[in-house]
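A short write-up of the structure that comes next.
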Amino acid sequence: MEALANQLPIGLSIAAVLLLIALGLTFTFGQMGVINMAHGEFIMAGAYTAYLLQGWAGEQSFLLALPVAFAVAGLLGLLLEWALIRRFYGRPLDTLLLTWGVSLILQQLARDLFGAPNVQATAPGWLTGGIDLMGVRMPYNRLFILGLAVVCVVGVWWYLAKSPQGRRMRAVVQDRELAAYSGIATGRVDRFTFLLGSGLAGVAGVALTLVGPVGPGLGTFYIVDAFLVVVAGGLGQLRGAVIAAVALGMLNSFLEFWSDASLAKVLVFVVVIAFLQVRPQGMFVLRGRSLV
Amino acid sequence: MLEVSGVDVSHGRAQVLFGVDLSVPAGSLVCVMGRNGVGKTTLLDTVMGTLTPRAGSVVLDGEDITRLPTHLRVRRGMAYVPQGHAAFPQLTVWENLQVALEATTHRDRSAVDDSLDVFPALRSFLKRPAGFLSGGQRQQLAIARALITRPRLLLLDEPTEGVQPSVIDEIENAVERLHGEAGMTVLLVEQYLDFALRLADSFIVLDAGEVVHSGTSADLHDEGVRRMLSV
């Protein structure tokens, strides 16, 4: 029973990482319709950024790594949008192939730069250890990831709901032509949306250095699950993404506990497929009068 | 103010407009008429930059804007109310207006009040998502949104189509006031002959992508012109 309870922080932190990744995808996939397979490599870029910073500035650079990784991954995303993706809007399958290619190139680039074997970034001292909460051991590093995800979700929610830039972003997503007729520079908004979504992937990458090694394949490990979260939650829906991330993260870690990693993955897929049979549109759907 | 000369426009491989000329003098109300599918909306889309002509030019106040991005045309004083009660469905009425205000260069908050004064009924829906409004209410919102930019040239694509009769009057009166009292230049696409007759200084009739008639509203009483418009 105690071992089972100890799966709780693991499941929650996996859920938090999935949520951070899926947050970025709700922007680029859920709202803009771009299936960005290179999103996983932005996670990797964030993780390597944390690793490199640590090499230069020691383990106290960890907190600094969060904004820096956001900027690095965000700029990579912006570059990808500007150079390639903006020519492929409205063609989701083409963006899939295109960004998959970019993903392979970025992975190879990481192998050339950092070598094929995994590297390890050590967590800062103040994140080692943990506390006991009602008999469950909660490690600090996993609690930190959880807190980070909560901060990011609240930040993104506030940004979308309250800020002028967020309002503009929602306008462009809902009706691109009307946004242009309203005087909005839609191309600039697209680039910024990509910067934001990709930057969040970078932050997720930094979080991942707390719980595992950093390698060129880091992103591919999470990207499919993150897409599942976005689809199951309902495209472009923040609260759907939150609930789906927690559900999938917990399910995954408990199934892993009872079976093994690959069987757990299969079972999670089965659950998601069954769920989508019942609700193909995901948990939450946008509703409006006479509008599809 | 606006001069469209000899524009050829295609949707993919199908050419829709053939050498269309259109002149909208400052302070006038010009009406584009014609049956369904003759290219009226395509013409407005070309004027706004959603479509780029293969030949010909669009000139605003002496500046060639044929290839200018849409949002920059809006900054130069053009506003467009497209067909079909266009509003951002998941933004509230207030957000719909706010997002347009934030995209302007003047950022003048009184523009929101002025727009709402045109359609006071909108004030009671400010917190409601636009997707939950009726067609007529959404059309009022669409016009109010366009007015936020304080345009000099207002383009309206069938503003009374699919709108309940009580609201049609309000929209017609609003267009009449904006043009008559505020002196706004208006380019109107309208199939509804009486409305066009009452307001237009001049008009063009499109058929199969070509201008088949242009003249003053007096000509609209002419039997031959009426026949070109009958379905």
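So you can find residues: chains in the structure tokens are A, B, ... in the order shown, residues in each start at 1, and ligands are numbered from 1 in order.
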
Env of range 245-257 of chain A: 8 Å cut, atoms = only C-alpha atoms, seq-sep filter 5 positions within chain, self excluded. Answer as a count of residues only. 20

Name the residues in contact with Leu66 in chain A at a cut-off of 8 Å, using only C-alpha atoms, excluding same-chain residues fewer than 5 positions from it; report them as a PyMOL selection string. chain A and resi 50+202-203+206

Same residues, N, CA, C and O atoms, output as a PDB file, in the first residue's frame:
ATOM      1  N   ALA A  50      19.506  23.878 -19.763  1.00  0.00           N
ATOM      2  CA  ALA A  50      19.736  23.774 -18.322  1.00  0.00           C
ATOM      3  C   ALA A  50      21.080  23.093 -18.040  1.00  0.00           C
ATOM      4  O   ALA A  50      21.844  23.517 -17.170  1.00  0.00           O
ATOM      5  N   GLY A 202      10.279  24.467 -23.694  1.00  0.00           N
ATOM      6  CA  GLY A 202      11.614  24.634 -23.125  1.00  0.00           C
ATOM      7  C   GLY A 202      11.587  24.566 -21.611  1.00  0.00           C
ATOM      8  O   GLY A 202      12.435  23.917 -20.982  1.00  0.00           O
ATOM      9  N   VAL A 203      10.582  25.196 -21.000  1.00  0.00           N
ATOM     10  CA  VAL A 203      10.430  25.157 -19.545  1.00  0.00           C
ATOM     11  C   VAL A 203      10.196  23.721 -19.081  1.00  0.00           C
ATOM     12  O   VAL A 203      10.778  23.262 -18.088  1.00  0.00           O
ATOM     13  N   VAL A 206      13.464  21.896 -18.869  1.00  0.00           N
ATOM     14  CA  VAL A 206      14.224  22.174 -17.646  1.00  0.00           C
ATOM     15  C   VAL A 206      13.666  21.338 -16.494  1.00  0.00           C
ATOM     16  O   VAL A 206      14.410  20.739 -15.718  1.00  0.00           O
TER      17      VAL A 206
END

Neighbours of chain A in chain B at 10 Å, counting only C-alpha atoms, as number ranges by chain: B: 48-50, 69-82, 86-91, 95-105, 129-135, 142, 145-149

Would you return as a PyMOL selection string the members of range 22-219 of chain B that DSSP assigns to alpha helix (DSSP H) on this structure's backbone? chain B and resi 40-48+70-75+93-102+110-118+135-147+165-180+193-199

DSSP says strand (DSSP E) for which residues of range 102-264 of chain A? Put them as a VMD selection string? chain A and resid 130 to 133 136 to 139

For a quick check of understanding, using only C-alpha atoms, which of B:Leu199, B:Val211, B:Val189, B:Leu17 has the smallest distance to Met33 in chain B?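 Going through B:Leu199, B:Val211, B:Val189, B:Leu17 one by one, the smallest distance to Met33 in chain B is for B:Val189.
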
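Excluding range 103-110 of chain A and any residue on its chain fewer than 6 positions from it, the residues at most 7 Å away by only C-alpha atoms are Met37, Ala38, Glu41, Pro216 and Gly217 of chain A.
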
Go through B:Leu156, B:Ala144, B:Val93, B:Arg198 one by one, measure the shortest atom-to-atom distance of each to Leu126 in chain B using only C-alpha atoms, and give the residue with the smallest value.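 Going through B:Leu156, B:Ala144, B:Val93, B:Arg198 one by one, the smallest distance to Leu126 in chain B is for B:Val93.
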
Just the residues within 12 Å of Thr128 in chain A, please, counting only C-alpha atoms, with nothing from its chain fewer than 3 positions along; format it as a list in words.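 The residues that qualify are Thr122, Ala123, Pro124, Gly125, Ile131, Met138, Pro139, Tyr140, Asn141, Arg142, Leu143, Phe144, Leu210 and Val211 of chain A.
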
As a check of understanding: the span from CA of Leu80 in chain A to CA of Asn36 in chain A is 9.8 Å

Non-local contacts of range 171-186 of chain B (6 Å; only C-alpha atoms; under 3 positions in same chain excluded) as a ChimeraX atom specification: /B:26-29,152-155,168

Two-atom distance - CA of Gln54 in chain A, CA of Thr209 in chain A (Å):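 CA of Thr209 in chain A lies 11.0 Å from CA of Gln54 in chain A.
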
Just want the 7 Å neighbourhood of Gly34 in chain B, counted on only C-alpha atoms, with same-chain residues fewer than 5 positions away dropped. Output as a ChimeraX atom specification. /B:191,205-207,229

Which distance in Å separates CA of Leu98 in chain A and CA of Val266 in chain A, to one decimal?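 Between CA of Leu98 in chain A and CA of Val266 in chain A the gap works out to 27.1 Å.
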